[in-house]
file coords.txt (compact mmCIF, C-alpha atoms)
# COMPACT_ATOMS: atom_id res chain seq x y z
CA MET A 1179 110.82 109.95 118.43
CA PRO A 1180 107.07 109.69 117.66
CA GLY A 1181 105.99 106.59 115.77
CA TYR A 1182 104.02 106.08 112.59
CA GLN A 1183 101.10 108.52 112.27
CA SER A 1184 97.99 107.90 110.17
CA ILE A 1185 97.30 111.10 108.18
CA THR A 1186 94.22 109.64 106.46
CA SER A 1187 93.00 106.08 106.11
CA LYS A 1188 95.20 105.83 103.00
CA MET A 1189 98.33 107.69 104.04
CA VAL A 1190 100.85 107.32 106.86
CA ARG A 1191 103.63 109.66 108.05
CA VAL A 1192 106.83 107.93 109.18
CA PRO A 1193 109.63 109.70 111.09
CA ILE A 1194 113.17 109.11 109.81
CA GLY A 1195 116.25 109.74 111.92
CA PRO A 1196 119.28 108.21 113.64
CA GLY A 1197 118.37 104.67 114.63
CA GLN A 1198 115.05 104.91 112.77
CA GLU A 1199 115.67 103.80 109.22
CA VAL A 1200 112.92 102.01 107.31
CA TYR A 1201 112.33 99.90 104.23
CA SER A 1202 109.44 100.99 102.03
CA ARG A 1203 107.76 99.58 98.98
CA ARG A 1204 109.24 101.14 95.85
CA GLY A 1205 107.00 103.86 94.43
CA ALA A 1206 105.13 104.37 97.72
CA MET A 1207 106.69 107.71 98.71
CA LEU A 1208 104.10 110.50 98.38
CA ALA A 1209 105.96 113.43 99.97
CA TYR A 1210 108.68 114.14 102.52
CA THR A 1211 110.27 116.86 104.60
CA GLY A 1212 113.87 117.19 105.77
CA ARG A 1213 116.97 115.53 104.40
CA VAL A 1214 115.81 112.06 103.47
CA HIS A 1215 117.55 109.61 101.16
CA PHE A 1216 116.05 106.72 99.18
CA ALA A 1217 118.17 103.86 97.84
CA PRO A 1218 116.99 100.68 96.09
CA SER A 1219 117.39 97.60 98.27
CA THR A 1220 117.50 94.02 97.02
CA THR A 1221 117.76 92.52 100.51
CA ALA A 1222 115.48 94.69 102.72
CA GLY A 1223 117.90 93.98 105.55
CA GLN A 1224 117.67 90.21 105.15
CA GLY A 1225 121.05 89.52 103.58
CA ILE A 1226 121.87 88.11 100.15
CA ALA A 1227 120.99 84.50 101.01
CA GLY A 1228 117.66 85.57 102.49
CA ALA A 1229 116.87 87.75 99.49
CA LEU A 1230 117.57 84.88 97.10
CA GLY A 1231 115.34 82.63 99.16
CA ARG A 1232 112.54 85.19 99.06
CA ALA A 1233 112.88 85.55 95.29
CA VAL A 1234 112.68 81.78 94.80
CA ALA A 1235 109.65 81.65 97.10
CA GLY A 1236 107.92 84.43 95.16
CA GLU A 1237 107.81 86.66 98.25
CA ARG A 1238 109.99 89.42 96.84
CA THR A 1239 108.71 92.98 96.45
CA GLU A 1240 111.02 95.78 95.32
CA MET A 1241 111.91 97.90 98.34
CA MET A 1242 113.69 101.18 99.12
CA HIS A 1243 116.04 101.82 102.04
CA VAL A 1244 115.03 105.15 103.58
CA THR A 1245 117.57 107.04 105.71
CA GLY A 1246 118.40 110.59 106.80
CA GLN A 1247 116.52 113.05 109.01
CA GLY A 1248 112.91 114.10 108.47
CA SER A 1249 109.54 112.50 107.82
CA VAL A 1250 108.03 110.70 104.83
CA MET A 1251 104.40 110.24 103.79
CA PHE A 1252 103.68 106.83 102.28
CA GLY A 1253 100.69 105.41 100.41
CA LYS A 1254 100.00 103.21 97.41
CA ALA A 1255 97.27 103.12 94.74
CA GLY A 1256 94.61 104.55 97.06
CA LEU A 1257 94.69 101.40 99.22
CA HIS A 1258 93.92 101.60 102.94
CA VAL A 1259 96.91 101.68 105.28
CA THR A 1260 96.97 99.96 108.68
CA VAL A 1261 99.79 100.44 111.21
CA VAL A 1262 100.84 97.39 113.23
CA GLU A 1263 103.09 97.59 116.29
CA LEU A 1264 105.27 94.62 117.22
CA SER A 1265 106.87 94.21 120.65
CA GLY A 1266 108.45 91.57 122.84
CA GLY A 1267 109.90 89.70 119.89
CA ASP A 1268 106.46 89.22 118.35
CA THR A 1269 106.18 87.89 114.79
CA LEU A 1270 103.82 89.13 112.08
CA TYR A 1271 102.90 86.76 109.22
CA VAL A 1272 101.93 88.67 106.09
CA GLU A 1273 102.26 88.53 102.30
CA ALA A 1274 105.15 90.60 100.94
CA ASP A 1275 102.97 92.63 98.57
CA ARG A 1276 100.89 93.90 101.51
CA LEU A 1277 103.92 95.53 103.16
CA LEU A 1278 104.01 99.29 102.60
CA VAL A 1279 106.81 100.22 105.02
CA HIS A 1280 108.53 98.67 108.03
CA ASP A 1281 111.25 99.56 110.50
CA ALA A 1282 114.71 98.40 109.47
CA SER A 1283 115.13 97.00 113.00
CA LEU A 1284 112.59 94.24 112.29
CA ARG A 1285 113.99 90.92 111.12
CA VAL A 1286 112.55 89.81 107.79
CA GLY A 1287 112.11 86.16 106.92
CA THR A 1288 110.22 83.75 104.67
CA MET A 1289 108.14 80.82 105.93
CA PHE A 1290 106.77 77.83 104.07
CA LEU A 1291 103.02 77.61 104.75
CA GLY A 1292 103.39 73.89 105.32
CA GLU A 1293 105.08 74.80 108.62
CA GLN A 1294 101.74 76.19 109.77
CA GLY A 1295 99.30 73.42 109.07
CA GLY A 1296 101.17 70.80 107.04
CA ILE A 1297 99.45 69.89 103.79
CA GLY A 1298 96.49 72.00 104.97
CA GLY A 1299 98.75 75.04 104.90
CA VAL A 1300 99.72 74.27 101.33
CA ILE A 1301 96.06 73.88 100.33
CA ARG A 1302 95.26 77.13 102.12
CA GLY A 1303 97.84 78.95 100.00
CA ALA A 1304 96.30 77.54 96.83
CA VAL A 1305 92.72 78.38 97.86
CA SER A 1306 93.52 81.93 98.97
CA GLY A 1307 95.87 82.69 96.08
CA GLN A 1308 98.63 83.39 98.59
CA GLY A 1309 101.00 80.78 97.22
CA LEU A 1310 103.22 78.45 99.24
CA PHE A 1311 105.21 81.00 101.23
CA THR A 1312 104.59 84.03 103.42
CA THR A 1313 106.75 86.81 104.85
CA THR A 1314 107.57 87.18 108.54
CA LEU A 1315 108.55 90.30 110.48
CA THR A 1316 109.97 89.71 113.96
CA GLY A 1317 111.16 92.00 116.76
CA ASP A 1318 110.23 95.35 118.22
CA GLY A 1319 109.07 98.02 115.81
CA SER A 1320 106.36 99.23 113.46
CA CYS A 1321 105.08 98.38 110.02
CA ALA A 1322 102.22 99.49 107.78
CA LEU A 1323 100.06 97.16 105.68
CA LEU A 1324 98.02 97.71 102.52
CA THR A 1325 94.45 96.42 102.34
CA HIS A 1326 91.19 96.89 100.48
CA GLY A 1327 88.82 98.74 102.81
CA GLY A 1328 90.89 98.71 105.99
CA VAL A 1329 91.01 95.89 108.52
CA MET A 1330 89.33 94.56 111.61
CA GLU A 1331 91.65 93.29 114.36
CA MET A 1332 90.12 90.14 115.82
CA PRO A 1333 91.63 88.72 119.02
CA VAL A 1334 92.13 84.96 119.15
CA THR A 1335 92.28 82.97 122.39
CA PRO A 1336 92.38 79.23 123.12
CA GLN A 1337 88.75 79.51 124.23
CA ARG A 1338 87.73 81.65 121.24
CA PRO A 1339 89.11 80.48 117.89
CA VAL A 1340 88.33 82.62 114.85
CA HIS A 1341 87.20 81.46 111.40
CA VAL A 1342 88.09 83.68 108.43
CA ASP A 1343 87.41 83.61 104.70
CA PRO A 1344 90.89 82.76 103.33
CA GLN A 1345 90.66 85.56 100.75
CA ALA A 1346 89.68 88.13 103.39
CA TYR A 1347 92.65 87.16 105.58
CA VAL A 1348 95.40 89.79 105.64
CA ALA A 1349 97.89 88.84 108.36
CA HIS A 1350 98.22 87.52 111.88
CA ARG A 1351 100.57 87.82 114.82
CA GLY A 1352 101.09 85.94 118.04
CA ARG A 1353 101.20 82.24 118.81
CA LEU A 1354 98.54 81.00 116.44
CA GLN A 1355 98.00 77.73 114.65
CA ASN A 1356 95.89 77.81 111.53
CA LYS A 1357 94.27 75.22 109.35
CA LEU A 1358 91.88 75.19 106.42
CA THR A 1359 88.48 73.68 107.18
CA THR A 1360 85.79 72.77 104.70
CA ALA A 1361 82.03 72.52 104.75
CA VAL A 1362 81.64 71.08 101.27
CA GLY A 1363 78.55 68.95 100.92
CA LEU A 1364 75.97 67.96 98.33
CA ARG A 1365 74.40 71.45 98.28
CA ASP A 1366 77.81 73.00 97.51
CA LEU A 1367 78.47 70.51 94.74
CA ILE A 1368 75.23 71.38 92.96
CA GLY A 1369 75.70 75.12 93.43
CA ARG A 1370 73.10 75.74 96.13
CA GLY A 1371 75.40 76.12 99.13
CA SER A 1372 76.35 79.28 101.01
CA GLY A 1373 79.46 79.84 98.86
CA GLU A 1374 81.62 79.70 102.01
CA ALA A 1375 82.95 76.18 101.48
CA PHE A 1376 86.40 76.95 102.97
CA GLN A 1377 87.31 78.77 106.16
CA LEU A 1378 90.66 79.47 107.78
CA GLN A 1379 90.54 78.50 111.46
CA LEU A 1380 93.00 80.23 113.81
CA VAL A 1381 93.57 78.89 117.32
CA GLY A 1382 95.87 80.09 120.12
CA ASP A 1383 96.83 83.51 121.48
CA GLY A 1384 97.15 86.41 119.07
CA VAL A 1385 95.42 88.69 116.61
CA VAL A 1386 94.20 88.14 113.05
CA TYR A 1387 93.70 91.03 110.61
CA VAL A 1388 90.69 90.71 108.30
CA GLN A 1389 89.73 93.00 105.40
CA PRO A 1390 86.14 93.59 104.17
CA SER A 1391 87.02 92.34 100.70
CA GLU A 1392 88.20 89.22 98.88
CA ARG A 1393 90.48 91.20 96.55
CA LYS A 1394 94.22 90.67 96.45
CA ILE A 1395 96.73 93.52 96.19

call {"tool": "encode", "arguments": {"input": "coords.txt", "output": "structure tokens"}}
result
Amino acid sequence: MPGYQSITSKMVRVPIGPGQEVYSRRGAMLAYTGRVHFAPSTTAGQGIAGALGRAVAGERTEMMHVTGQGSVMFGKAGLHVTVVELSGGDTLYVEADRLLVHDASLRVGTMFLGEQGGIGGVIRGAVSGQGLFTTTLTGDGSCALLTHGGVMEMPVTPQRPVHVDPQAYVAHRGRLQNKLTTAVGLRDLIGRGSGEAFQLQLVGDGVVYVQPSERKI
């Protein structure tokens, strides 16, 4: 069955059928064809314990379980939609409110940012407004993300780390380590610096998704 198809930069068509159920953000369905069913989901395939953990972590977004046979067009608030393909047991790290739709076959989890950078990860969450936790999607399948202005996919290698404005960061996948670095000096303290006092440094093998905006969803 064909995969997710971008209709415009702000709308994606997702096929629904046997073995291809999805979870979508509630209120994101724009139109559909065929016999498709939508049911509220409190777990998004993660189980009750996982759902409770996500709620406590603040990574819970109301989702719909989409089943049946047909195709559904998804979009939300005129935001740009980016399709991400995961394979080989890859993991995507992304904030819950950026998830528009994802295959039900993907395993959903919640990760404490301190696991990716210790206290620096916690500070990163505070600086970026992301909070202390992030959502993970693992496995083989597709998902679609919401951003302001689309995204640039930037490859990261051990020889080529990437530095990103924490508020322009959208998501990353692969085997990446990240830490918050600072360039605060006297000029920054007196208001004459570049304004880019903090950067998120990503090192390893993978891809980071960056939006041309510092706005949150």

call {"tool": "closest_residue", "arguments": {"input": "coords.txt", "among": "A:Val1348, A:Ala1255, A:Leu1284, A:Val1272", "to": "Val1200 in chain A", "atoms": "all atoms listed in the file"}}
result
A:Leu1284

call {"tool": "closest_residue", "arguments": {"input": "coords.txt", "among": "A:Arg1213, A:Arg1204, A:His1280, A:Arg1353", "to": "Lys1254 in chain A", "atoms": "only C-alpha atoms"}}
result
A:Arg1204

call {"tool": "residues_around", "arguments": {"input": "coords.txt", "residues": "Met1330 in chain A", "least_positions_apart": "6", "cutoff": "9 Å", "atoms": "all atoms listed in the file", "output": "list in words"}}
result
Val1386, Tyr1387, Val1388, Gln1389 and Pro1390 of chain A

call {"tool": "atom_distance", "arguments": {"input": "coords.txt", "atom1": "CA of Gly1266 in chain A", "atom2": "CA of Thr1316 in chain A"}}
result
9.2 Å

call {"tool": "closest_residue", "arguments": {"input": "coords.txt", "among": "A:Pro1193, A:Pro1333, A:Gly1253, A:Pro1218", "to": "Ser1320 in chain A", "atoms": "only C-alpha atoms"}}
result
A:Pro1193

call {"tool": "closest_residue", "arguments": {"input": "coords.txt", "among": "A:Tyr1271, A:Phe1376, A:Tyr1201, A:Phe1216", "to": "Lys1357 in chain A", "atoms": "only C-alpha atoms"}}
result
A:Phe1376

call {"tool": "residues_near_point", "arguments": {"input": "coords.txt", "point": "(116.5, 103.6, 101.3)", "cutoff": "8 Å", "atoms": "all atoms listed in the file", "output": "MDAnalysis selection string"}}
result
chainID A and resid 1199:1202 1215:1219 1241:1245

call {"tool": "closest_residue", "arguments": {"input": "coords.txt", "among": "A:Lys1188, A:Arg1351, A:Arg1285, A:Arg1338", "to": "Thr1325 in chain A", "atoms": "all atoms listed in the file"}}
result
A:Lys1188

call {"tool": "atom_distance", "arguments": {"input": "coords.txt", "atom1": "CA of Gly1327 in chain A", "atom2": "CA of Met1289 in chain A"}}
result
26.5 Å

call {"tool": "atom_distance", "arguments": {"input": "coords.txt", "atom1": "CA of Leu1270 in chain A", "atom2": "CA of Thr1313 in chain A"}}
result
8.1 Å

call {"tool": "closest_residue", "arguments": {"input": "coords.txt", "among": "A:Val1214, A:Met1332, A:Val1385, A:Ala1206", "to": "Ile1194 in chain A", "atoms": "all atoms listed in the file"}}
result
A:Val1214

call {"tool": "residues_around", "arguments": {"input": "coords.txt", "residues": "Gln1337 in chain A", "least_positions_apart": "5", "cutoff": "10 Å", "atoms": "all atoms listed in the file", "output": "JSON list (two decimals) with C-alpha atoms, in the coordinates of the input"}}
result
[["chain", "number", "residue", "atom", "x", "y", "z"],
["A", 1381, "VAL", "CA", 93.57, 78.89, 117.32],
["A", 1382, "GLY", "CA", 95.87, 80.09, 120.12],
["A", 1383, "ASP", "CA", 96.83, 83.51, 121.48]]

call {"tool": "axis_aligned_box", "arguments": {"input": "coords.txt", "around": "range 1268-1284 of chain A", "padding_each_side": "3 Å", "output": "AutoDock Vina command-line options"}}
result
--center_x 108.0 --center_y 93.5 --center_z 108.5 --size_x 20.2 --size_y 19.5 --size_z 25.8

call {"tool": "decode", "arguments": {"input": "coords.txt", "residues": "range 1242-1254 of chain A", "atoms": "N, CA and C atoms", "output": "mmCIF file, in the first residue's frame"}}
result
data_model
loop_
_atom_site.group_PDB
_atom_site.id
_atom_site.type_symbol
_atom_site.label_atom_id
_atom_site.label_comp_id
_atom_site.auth_asym_id
_atom_site.auth_seq_id
_atom_site.Cartn_x
_atom_site.Cartn_y
_atom_site.Cartn_z
ATOM 1 N N MET A 1242 -6.587 10.285 18.150
ATOM 2 C CA MET A 1242 -7.658 9.458 17.612
ATOM 3 C C MET A 1242 -7.058 8.196 17.003
ATOM 4 N N HIS A 1243 -7.728 7.069 17.195
ATOM 5 C CA HIS A 1243 -7.336 5.814 16.566
ATOM 6 C C HIS A 1243 -8.133 5.695 15.262
ATOM 7 N N VAL A 1244 -7.410 5.634 14.144
ATOM 8 C CA VAL A 1244 -8.048 5.654 12.832
ATOM 9 C C VAL A 1244 -7.925 4.278 12.194
ATOM 10 N N THR A 1245 -9.086 3.667 11.872
ATOM 11 C CA THR A 1245 -9.110 2.325 11.297
ATOM 12 C C THR A 1245 -10.073 2.290 10.117
ATOM 13 N N GLY A 1246 -10.145 1.135 9.444
ATOM 14 C CA GLY A 1246 -11.077 0.964 8.339
ATOM 15 C C GLY A 1246 -10.360 0.756 7.026
ATOM 16 N N GLN A 1247 -10.963 1.263 5.948
ATOM 17 C CA GLN A 1247 -10.417 1.107 4.602
ATOM 18 C C GLN A 1247 -10.677 2.380 3.816
ATOM 19 N N GLY A 1248 -9.608 3.073 3.413
ATOM 20 C CA GLY A 1248 -9.766 4.306 2.648
ATOM 21 C C GLY A 1248 -8.532 5.168 2.755
ATOM 22 N N SER A 1249 -8.716 6.467 2.711
ATOM 23 C CA SER A 1249 -7.599 7.393 2.891
ATOM 24 C C SER A 1249 -8.109 8.641 3.594
ATOM 25 N N VAL A 1250 -7.228 9.263 4.385
ATOM 26 C CA VAL A 1250 -7.603 10.425 5.190
ATOM 27 C C VAL A 1250 -6.606 11.549 4.922
ATOM 28 N N MET A 1251 -7.131 12.761 4.775
ATOM 29 C CA MET A 1251 -6.288 13.948 4.646
ATOM 30 C C MET A 1251 -6.192 14.624 6.014
ATOM 31 N N PHE A 1252 -4.955 14.860 6.446
ATOM 32 C CA PHE A 1252 -4.709 15.466 7.752
ATOM 33 C C PHE A 1252 -3.986 16.808 7.606
ATOM 34 N N GLY A 1253 -4.275 17.720 8.522
ATOM 35 C CA GLY A 1253 -3.586 19.004 8.617
ATOM 36 C C GLY A 1253 -4.039 19.669 9.900
ATOM 37 N N LYS A 1254 -3.354 20.748 10.302
ATOM 38 C CA LYS A 1254 -3.718 21.383 11.558
ATOM 39 C C LYS A 1254 -3.304 22.851 11.552
#
